[in-house]
file upload-v1.json (JSON, C-alpha atoms)
[["chain", "number", "residue", "atom", "x", "y", "z"],
["A", 1, "ASN", "CA", 45.90, 83.83, -41.05],
["A", 2, "ALA", "CA", 49.02, 83.57, -38.94],
["A", 3, "GLY", "CA", 46.86, 82.53, -35.95],
["A", 4, "VAL", "CA", 48.44, 83.23, -32.56],
["A", 5, "THR", "CA", 52.06, 84.35, -32.63],
["A", 6, "GLN", "CA", 54.42, 84.71, -29.69],
["A", 7, "THR", "CA", 57.81, 86.33, -29.40],
["A", 8, "PRO", "CA", 60.46, 85.57, -28.41],
["A", 9, "LYS", "CA", 60.60, 81.76, -28.68],
["A", 10, "PHE", "CA", 63.36, 81.52, -26.08],
["A", 11, "GLN", "CA", 64.58, 83.94, -23.42],
["A", 12, "VAL", "CA", 67.10, 83.83, -20.59],
["A", 13, "LEU", "CA", 66.83, 86.44, -17.85],
["A", 14, "LYS", "CA", 68.76, 87.19, -14.71],
["A", 15, "THR", "CA", 66.93, 87.46, -11.42],
["A", 16, "GLY", "CA", 65.44, 90.91, -11.02],
["A", 17, "GLN", "CA", 65.33, 91.76, -14.71],
["A", 18, "SER", "CA", 62.05, 92.71, -16.36],
["A", 19, "MET", "CA", 60.77, 91.84, -19.79],
["A", 20, "THR", "CA", 57.65, 91.63, -21.92],
["A", 21, "LEU", "CA", 56.43, 88.53, -23.70],
["A", 22, "GLN", "CA", 54.54, 89.43, -26.83],
["A", 23, "CYS", "CA", 51.35, 87.79, -28.09],
["A", 24, "ALA", "CA", 49.36, 88.72, -31.17],
["A", 25, "GLN", "CA", 46.42, 87.17, -33.00],
["A", 26, "ASP", "CA", 44.89, 88.03, -36.36],
["A", 27, "MET", "CA", 41.53, 86.27, -35.95],
["A", 28, "ASN", "CA", 39.71, 89.22, -34.36],
["A", 29, "HIS", "CA", 39.14, 87.21, -31.18],
["A", 30, "GLU", "CA", 37.84, 89.06, -28.15],
["A", 31, "TYR", "CA", 39.16, 86.61, -25.55],
["A", 32, "MET", "CA", 42.89, 86.21, -24.95],
["A", 33, "SER", "CA", 44.74, 84.52, -22.13],
["A", 34, "TRP", "CA", 48.18, 83.67, -20.81],
["A", 35, "TYR", "CA", 49.13, 80.31, -19.29],
["A", 36, "ARG", "CA", 52.35, 78.98, -17.83],
["A", 37, "GLN", "CA", 53.40, 75.34, -17.94],
["A", 38, "ASP", "CA", 56.04, 73.98, -15.62],
["A", 39, "PRO", "CA", 57.81, 70.70, -16.47],
["A", 40, "GLY", "CA", 55.47, 67.70, -16.28],
["A", 41, "MET", "CA", 52.55, 69.86, -15.25],
["A", 42, "GLY", "CA", 49.36, 71.11, -16.83],
["A", 43, "LEU", "CA", 48.70, 74.69, -17.82],
["A", 44, "ARG", "CA", 47.92, 77.32, -15.21],
["A", 45, "LEU", "CA", 46.05, 80.49, -16.11],
["A", 46, "ILE", "CA", 47.92, 83.72, -15.34],
["A", 47, "HIS", "CA", 45.73, 86.52, -16.73],
["A", 48, "TYR", "CA", 43.01, 86.84, -19.30],
["A", 49, "SER", "CA", 41.18, 89.55, -21.24],
["A", 50, "VAL", "CA", 37.71, 89.67, -22.74],
["A", 51, "GLY", "CA", 38.37, 92.70, -24.91],
["A", 52, "ALA", "CA", 40.43, 95.83, -25.35],
["A", 53, "GLY", "CA", 40.80, 97.64, -22.04],
["A", 54, "ILE", "CA", 39.51, 94.70, -19.97],
["A", 55, "THR", "CA", 41.76, 92.28, -18.10],
["A", 56, "ASP", "CA", 41.40, 90.01, -15.09],
["A", 57, "GLN", "CA", 43.47, 87.69, -12.96],
["A", 58, "GLY", "CA", 43.66, 83.96, -13.39],
["A", 59, "GLU", "CA", 45.04, 81.27, -11.10],
["A", 60, "VAL", "CA", 48.62, 82.50, -10.69],
["A", 61, "PRO", "CA", 48.78, 86.27, -11.42],
["A", 62, "ASN", "CA", 51.46, 87.35, -8.93],
["A", 63, "GLY", "CA", 54.59, 88.75, -10.54],
["A", 64, "TYR", "CA", 52.91, 89.41, -13.89],
["A", 65, "ASN", "CA", 51.13, 92.37, -15.44],
["A", 66, "VAL", "CA", 49.02, 92.54, -18.59],
["A", 67, "SER", "CA", 47.31, 95.18, -20.65],
["A", 68, "ARG", "CA", 45.04, 95.04, -23.68],
["A", 69, "SER", "CA", 45.13, 98.24, -25.71],
["A", 70, "THR", "CA", 44.09, 96.57, -28.98],
["A", 71, "THR", "CA", 42.09, 93.49, -29.91],
["A", 72, "GLU", "CA", 45.14, 91.94, -31.57],
["A", 73, "ASP", "CA", 47.80, 92.25, -28.86],
["A", 74, "PHE", "CA", 48.03, 90.96, -25.30],
["A", 75, "PRO", "CA", 51.55, 91.40, -23.86],
["A", 76, "LEU", "CA", 52.62, 89.80, -20.59],
["A", 77, "ARG", "CA", 55.09, 91.72, -18.44],
["A", 78, "LEU", "CA", 57.38, 90.18, -15.86],
["A", 79, "LEU", "CA", 58.12, 92.97, -13.40],
["A", 80, "SER", "CA", 61.13, 91.48, -11.57],
["A", 81, "ALA", "CA", 61.99, 88.01, -12.81],
["A", 82, "ALA", "CA", 62.49, 85.22, -10.28],
["A", 83, "PRO", "CA", 63.78, 81.65, -10.80],
["A", 84, "SER", "CA", 60.27, 80.40, -9.90],
["A", 85, "GLN", "CA", 59.06, 82.01, -13.12],
["A", 86, "THR", "CA", 61.15, 79.67, -15.23],
["A", 87, "SER", "CA", 58.50, 78.03, -17.38],
["A", 88, "VAL", "CA", 56.96, 77.78, -20.82],
["A", 89, "TYR", "CA", 54.41, 80.51, -21.47],
["A", 90, "PHE", "CA", 51.49, 80.01, -23.82],
["A", 91, "CYS", "CA", 49.14, 82.64, -25.15],
["A", 92, "ALA", "CA", 45.69, 81.65, -26.39],
["A", 93, "SER", "CA", 42.74, 83.34, -28.05],
["A", 94, "SER", "CA", 39.12, 82.56, -28.86],
["A", 95, "PRO", "CA", 35.82, 84.29, -29.51],
["A", 96, "ILE", "CA", 33.98, 85.16, -26.33],
["A", 97, "PRO", "CA", 32.30, 82.03, -24.95],
["A", 98, "GLY", "CA", 28.58, 82.53, -25.45],
["A", 99, "THR", "CA", 25.97, 79.85, -25.50],
["A", 100, "SER", "CA", 28.63, 77.31, -26.33],
["A", 101, "TYR", "CA", 32.33, 77.26, -25.85],
["A", 102, "HIS", "CA", 34.60, 78.18, -28.68],
["A", 103, "GLU", "CA", 37.90, 76.37, -29.02],
["A", 104, "GLN", "CA", 40.96, 78.22, -27.88],
["A", 105, "TYR", "CA", 43.82, 78.66, -30.31],
["A", 106, "PHE", "CA", 47.24, 78.45, -28.70],
["A", 107, "GLY", "CA", 50.51, 80.03, -29.74],
["A", 108, "PRO", "CA", 53.78, 78.05, -30.00],
["A", 109, "GLY", "CA", 55.00, 79.16, -26.59],
["A", 110, "THR", "CA", 57.90, 81.13, -25.12],
["A", 111, "ARG", "CA", 60.48, 79.19, -23.14],
["A", 112, "LEU", "CA", 61.77, 81.39, -20.34],
["A", 113, "THR", "CA", 64.68, 80.61, -18.04],
["A", 114, "VAL", "CA", 65.47, 82.84, -15.07],
["A", 115, "THR", "CA", 68.90, 82.34, -13.54],
["B", 1, "ASP", "CA", 34.61, 74.70, -12.82],
["B", 2, "ALA", "CA", 34.40, 71.02, -11.89],
["B", 3, "LYS", "CA", 37.60, 69.08, -11.39],
["B", 4, "THR", "CA", 38.57, 66.16, -13.57],
["B", 5, "THR", "CA", 40.54, 62.98, -12.87],
["B", 6, "GLN", "CA", 42.54, 61.24, -15.57],
["B", 7, "PRO", "CA", 45.04, 58.39, -15.49],
["B", 8, "PRO", "CA", 48.59, 59.76, -15.74],
["B", 9, "SER", "CA", 49.59, 57.56, -18.68],
["B", 10, "MET", "CA", 48.30, 54.96, -21.12],
["B", 11, "ASP", "CA", 49.71, 52.82, -23.92],
["B", 12, "CYS", "CA", 48.04, 51.95, -27.20],
["B", 13, "ALA", "CA", 49.15, 49.85, -30.18],
["B", 14, "GLU", "CA", 49.31, 51.62, -33.49],
["B", 15, "GLY", "CA", 46.14, 51.06, -35.53],
["B", 16, "ARG", "CA", 44.07, 50.16, -32.51],
["B", 17, "ALA", "CA", 41.49, 52.38, -30.83],
["B", 18, "ALA", "CA", 42.75, 54.51, -27.96],
["B", 19, "ASN", "CA", 40.16, 55.01, -25.22],
["B", 20, "LEU", "CA", 41.04, 57.77, -22.78],
["B", 21, "PRO", "CA", 38.83, 58.00, -19.67],
["B", 22, "CYS", "CA", 37.99, 61.07, -17.64],
["B", 23, "ASN", "CA", 36.10, 61.30, -14.39],
["B", 24, "HIS", "CA", 34.16, 64.49, -13.64],
["B", 25, "SER", "CA", 31.78, 63.37, -10.92],
["B", 26, "THR", "CA", 31.08, 66.93, -9.69],
["B", 27, "ILE", "CA", 30.08, 68.29, -13.09],
["B", 28, "SER", "CA", 27.17, 70.71, -13.12],
["B", 29, "GLY", "CA", 24.31, 70.76, -15.59],
["B", 30, "ASN", "CA", 25.66, 73.77, -17.46],
["B", 31, "GLU", "CA", 29.23, 72.54, -17.79],
["B", 32, "TYR", "CA", 30.61, 71.22, -21.03],
["B", 33, "VAL", "CA", 33.30, 68.55, -21.39],
["B", 34, "TYR", "CA", 36.27, 69.48, -23.58],
["B", 35, "TRP", "CA", 39.31, 67.61, -24.76],
["B", 36, "TYR", "CA", 42.61, 69.10, -25.86],
["B", 37, "ARG", "CA", 45.92, 67.50, -26.66],
["B", 38, "GLN", "CA", 49.51, 68.71, -26.50],
["B", 39, "ILE", "CA", 52.12, 67.15, -28.74],
["B", 40, "HIS", "CA", 55.69, 67.47, -27.49],
["B", 41, "SER", "CA", 55.95, 71.01, -26.13],
["B", 42, "GLN", "CA", 53.67, 72.65, -28.64],
["B", 43, "GLY", "CA", 50.61, 74.67, -27.66],
["B", 44, "PRO", "CA", 47.52, 72.58, -26.83],
["B", 45, "GLN", "CA", 45.19, 71.73, -29.70],
["B", 46, "TYR", "CA", 41.41, 71.51, -29.38],
["B", 47, "ILE", "CA", 39.95, 68.07, -30.18],
["B", 48, "ILE", "CA", 36.26, 67.93, -29.32],
["B", 49, "HIS", "CA", 33.63, 69.01, -26.82],
["B", 50, "GLY", "CA", 30.15, 67.92, -25.70],
["B", 51, "LEU", "CA", 27.38, 68.52, -23.18],
["B", 52, "LYS", "CA", 25.14, 65.47, -22.99],
["B", 53, "ASN", "CA", 25.15, 63.65, -26.30],
["B", 54, "ASN", "CA", 27.98, 61.68, -27.80],
["B", 55, "GLU", "CA", 29.94, 63.66, -30.35],
["B", 56, "THR", "CA", 32.14, 62.72, -33.29],
["B", 57, "ASN", "CA", 34.37, 64.74, -35.57],
["B", 58, "GLU", "CA", 37.22, 64.02, -37.94],
["B", 59, "MET", "CA", 39.68, 63.61, -35.07],
["B", 60, "ALA", "CA", 37.84, 61.66, -32.40],
["B", 61, "SER", "CA", 34.64, 60.58, -30.69],
["B", 62, "LEU", "CA", 33.45, 61.67, -27.28],
["B", 63, "ILE", "CA", 31.27, 59.35, -25.22],
["B", 64, "ILE", "CA", 29.59, 60.92, -22.18],
["B", 65, "THR", "CA", 27.81, 58.69, -19.67],
["B", 66, "GLU", "CA", 24.13, 59.27, -19.06],
["B", 67, "ASP", "CA", 24.79, 60.70, -15.59],
["B", 68, "ARG", "CA", 27.57, 62.87, -17.11],
["B", 69, "LYS", "CA", 29.97, 61.92, -14.35],
["B", 70, "SER", "CA", 32.53, 60.49, -16.74],
["B", 71, "SER", "CA", 33.48, 60.53, -20.39],
["B", 72, "THR", "CA", 35.78, 58.72, -22.80],
["B", 73, "LEU", "CA", 37.72, 60.16, -25.70],
["B", 74, "ILE", "CA", 38.14, 57.63, -28.48],
["B", 75, "LEU", "CA", 40.81, 57.87, -31.16],
["B", 76, "PRO", "CA", 39.52, 55.17, -33.51],
["B", 77, "HIS", "CA", 42.79, 54.23, -35.24],
["B", 78, "ALA", "CA", 45.70, 55.57, -33.24],
["B", 79, "THR", "CA", 48.88, 56.49, -35.09],
["B", 80, "LEU", "CA", 52.35, 57.27, -33.78],
["B", 81, "ARG", "CA", 51.56, 60.95, -34.29],
["B", 82, "ASP", "CA", 48.78, 60.68, -31.69],
["B", 83, "THR", "CA", 51.40, 60.27, -28.95],
["B", 84, "ALA", "CA", 50.68, 63.31, -26.79],
["B", 85, "VAL", "CA", 49.27, 64.53, -23.49],
["B", 86, "TYR", "CA", 45.47, 64.62, -23.53],
["B", 87, "TYR", "CA", 43.60, 67.03, -21.29],
["B", 88, "CYS", "CA", 39.98, 66.62, -20.20],
["B", 89, "ILE", "CA", 38.41, 69.88, -19.03],
["B", 90, "VAL", "CA", 34.96, 70.80, -17.82],
["B", 91, "ARG", "CA", 33.78, 74.38, -17.83],
["B", 92, "VAL", "CA", 30.71, 76.53, -17.78],
["B", 93, "THR", "CA", 29.76, 78.77, -20.66],
["B", 94, "GLY", "CA", 29.83, 82.54, -20.42],
["B", 95, "THR", "CA", 31.80, 84.61, -17.91],
["B", 96, "GLY", "CA", 32.10, 81.76, -15.42],
["B", 97, "GLY", "CA", 34.11, 79.79, -17.92],
["B", 98, "PHE", "CA", 36.78, 82.37, -18.54],
["B", 99, "LYS", "CA", 39.09, 80.80, -15.99],
["B", 100, "THR", "CA", 39.63, 77.46, -17.75],
["B", 101, "ILE", "CA", 41.85, 75.18, -15.71],
["B", 102, "PHE", "CA", 43.94, 72.43, -17.28],
["B", 103, "GLY", "CA", 44.89, 69.44, -15.11],
["B", 104, "ALA", "CA", 47.92, 67.21, -15.59],
["B", 105, "GLY", "CA", 46.26, 65.18, -18.36],
["B", 106, "THR", "CA", 46.95, 61.65, -19.65],
["B", 107, "ARG", "CA", 50.18, 60.94, -21.48],
["B", 108, "LEU", "CA", 49.28, 58.57, -24.33],
["B", 109, "PHE", "CA", 52.06, 56.48, -25.86],
["B", 110, "VAL", "CA", 51.19, 54.94, -29.22],
["B", 111, "LYS", "CA", 53.55, 52.07, -29.96],
["B", 112, "ALA", "CA", 54.38, 50.45, -33.30]]

call {"tool": "encode", "arguments": {"input": "upload-v1.json", "output": "structure tokens"}}
result
Amino acid sequence: NAGVTQTPKFQVLKTGQSMTLQCAQDMNHEYMSWYRQDPGMGLRLIHYSVGAGITDQGEVPNGYNVSRSTTEDFPLRLLSAAPSQTSVYFCASSPIPGTSYHEQYFGPGTRLTVT
Amino acid sequence: DAKTTQPPSMDCAEGRAANLPCNHSTISGNEYVYWYRQIHSQGPQYIIHGLKNNETNEMASLIITEDRKSSTLILPHATLRDTAVYYCIVRVTGTGGFKTIFGAGTRLFVKA
């Protein structure tokens, strides 16, 4: 298993540009999520999905779109990049939490700079 | 989900036990306590979780007080590779727990 993979590893954007951060997992996990981490801070939830065709907002969803057309993929789209979106982005996956929580598996992150 | 309070940083000598505290005084009966760690800028890694009873696995032990208002993560023999940020999280199971929130965590420095 490759686990959770993210591409690209690094990206520099100009203000106003759009782009898609890719996330894929090969563990057949229903639950996937996107977090951002600013320097010296914890992780903040952007969007999450509990299965193909189902997405919902997290803590800081503004400026980001997601879709979930397959179980494996959960791309994050920046519609019009702003310097405030400079951050490290982590994708995570897990089975759906049922009677007990299942550990989340995190990708290696995408480091995004918006100038 | 209940909020957690952790010290911003701690030191530990290599080979000694590292005891990382977490306060979760507003925890509800159906909320679990979880610990993750983040080494350098890698993605967080799951360590352990528990509800009421103390738990142990190959990485660490989790001690939860009887009133469940606080817990301690114990790394029994800390190594330099355990230097990381440790996050204590509480969350409900099921749909209410989908919005897991990570706080700022405790930065543990293991020193030779």

call {"tool": "residues_around", "arguments": {"input": "upload-v1.json", "residues": "Ile27 (chain B)", "least_positions_apart": "5", "cutoff": "9 Å", "atoms": "all atoms listed in the file", "output": "list in words"}}
result
Asp1, Ala2, Lys3, Thr4, Tyr32, Val33, Arg68, Lys69, Ser70, Val90 and Arg91 of chain B

call {"tool": "residues_around", "arguments": {"input": "upload-v1.json", "residues": "region 52-61 of chain B", "least_positions_apart": "2", "cutoff": "12 Å", "atoms": "only C-alpha atoms", "output": "PyMOL selection string"}}
result
chain B and resi 17-20+27-37+45-50+63-79+82

call {"tool": "closest_atom_pairs", "arguments": {"input": "upload-v1.json", "of": "chain B", "to": "chain A", "cutoff": "7 Å", "atoms": "only C-alpha atoms", "output": "tab-separated table"}}
result
residue	atom	partner	partner_atom	distance
B:Gln42	CA	A:Pro108	CA	5.6
B:Gly43	CA	A:Phe106	CA	5.2
B:Pro44	CA	A:Phe106	CA	6.2
B:Tyr46	CA	A:Glu103	CA	6.0
B:Thr93	CA	A:Pro97	CA	6.0
B:Gly94	CA	A:Gly98	CA	5.2
B:Lys99	CA	A:Gly58	CA	6.1
B:Ile101	CA	A:Arg44	CA	6.5
B:Phe102	CA	A:Leu43	CA	5.3
B:Gly103	CA	A:Gly42	CA	5.1
B:Ala104	CA	A:Gly42	CA	4.3
B:Gly105	CA	A:Gly42	CA	6.9

call {"tool": "write_last_selection", "arguments": {"input": "upload-v1.json", "atoms": "C-alpha atoms", "output": "PDB file, keeping the file's coordinate frame"}}
result
ATOM      1  CA  GLN B  42      53.670  72.650 -28.640  1.00  0.00           C
ATOM      2  CA  GLY B  43      50.610  74.670 -27.660  1.00  0.00           C
ATOM      3  CA  PRO B  44      47.520  72.580 -26.830  1.00  0.00           C
ATOM      4  CA  TYR B  46      41.410  71.510 -29.380  1.00  0.00           C
ATOM      5  CA  THR B  93      29.760  78.770 -20.660  1.00  0.00           C
ATOM      6  CA  GLY B  94      29.830  82.540 -20.420  1.00  0.00           C
ATOM      7  CA  LYS B  99      39.090  80.800 -15.990  1.00  0.00           C
ATOM      8  CA  ILE B 101      41.850  75.180 -15.710  1.00  0.00           C
ATOM      9  CA  PHE B 102      43.940  72.430 -17.280  1.00  0.00           C
ATOM     10  CA  GLY B 103      44.890  69.440 -15.110  1.00  0.00           C
ATOM     11  CA  ALA B 104      47.920  67.210 -15.590  1.00  0.00           C
ATOM     12  CA  GLY B 105      46.260  65.180 -18.360  1.00  0.00           C
TER      13      GLY B 105
END

call {"tool": "atom_distance", "arguments": {"input": "upload-v1.json", "atom1": "CA of Thr71 (chain A)", "atom2": "CA of Met27 (chain A)"}}
result
9.4 Å

call {"tool": "atom_distance", "arguments": {"input": "upload-v1.json", "atom1": "CA of Tyr86 (chain B)", "atom2": "CA of Ala112 (chain B)"}}
result
19.4 Å

call {"tool": "residues_around", "arguments": {"input": "upload-v1.json", "residues": "Ser69 (chain A)", "least_positions_apart": "6", "cutoff": "9 Å", "atoms": "only C-alpha atoms", "output": "list in words"}}
result
Gly51, Ala52, Gly53 and Ile54 of chain A

call {"tool": "atom_distance", "arguments": {"input": "upload-v1.json", "atom1": "CA of Trp34 (chain A)", "atom2": "CA of Phe109 (chain B)"}}
result
27.9 Å

call {"tool": "closest_residue", "arguments": {"input": "upload-v1.json", "among": "A:Val4, A:Val12, A:Leu112, A:Met19", "to": "Asp73 (chain A)", "atoms": "all atoms listed in the file"}}
result
A:Val4

call {"tool": "residues_around", "arguments": {"input": "upload-v1.json", "residues": "Leu78 (chain A)", "least_positions_apart": "3", "cutoff": "9 Å", "atoms": "all atoms listed in the file", "output": "list in words"}}
result
Gln17, Ser18, Met19, Thr20, Leu21, Gly63, Tyr64, Asn65, Ala81 and Gln85 of chain A

call {"tool": "residues_around", "arguments": {"input": "upload-v1.json", "residues": "Lys111 (chain B)", "least_positions_apart": "3", "cutoff": "12 Å", "atoms": "all atoms listed in the file", "output": "VMD selection string"}}
result
chain B and resid 10 to 16 18 78 to 83 108

call {"tool": "closest_residue", "arguments": {"input": "upload-v1.json", "among": "B:Ala84, B:Leu62, B:Ile89, B:Leu51", "to": "Ile39 (chain B)", "atoms": "all atoms listed in the file"}}
result
B:Ala84
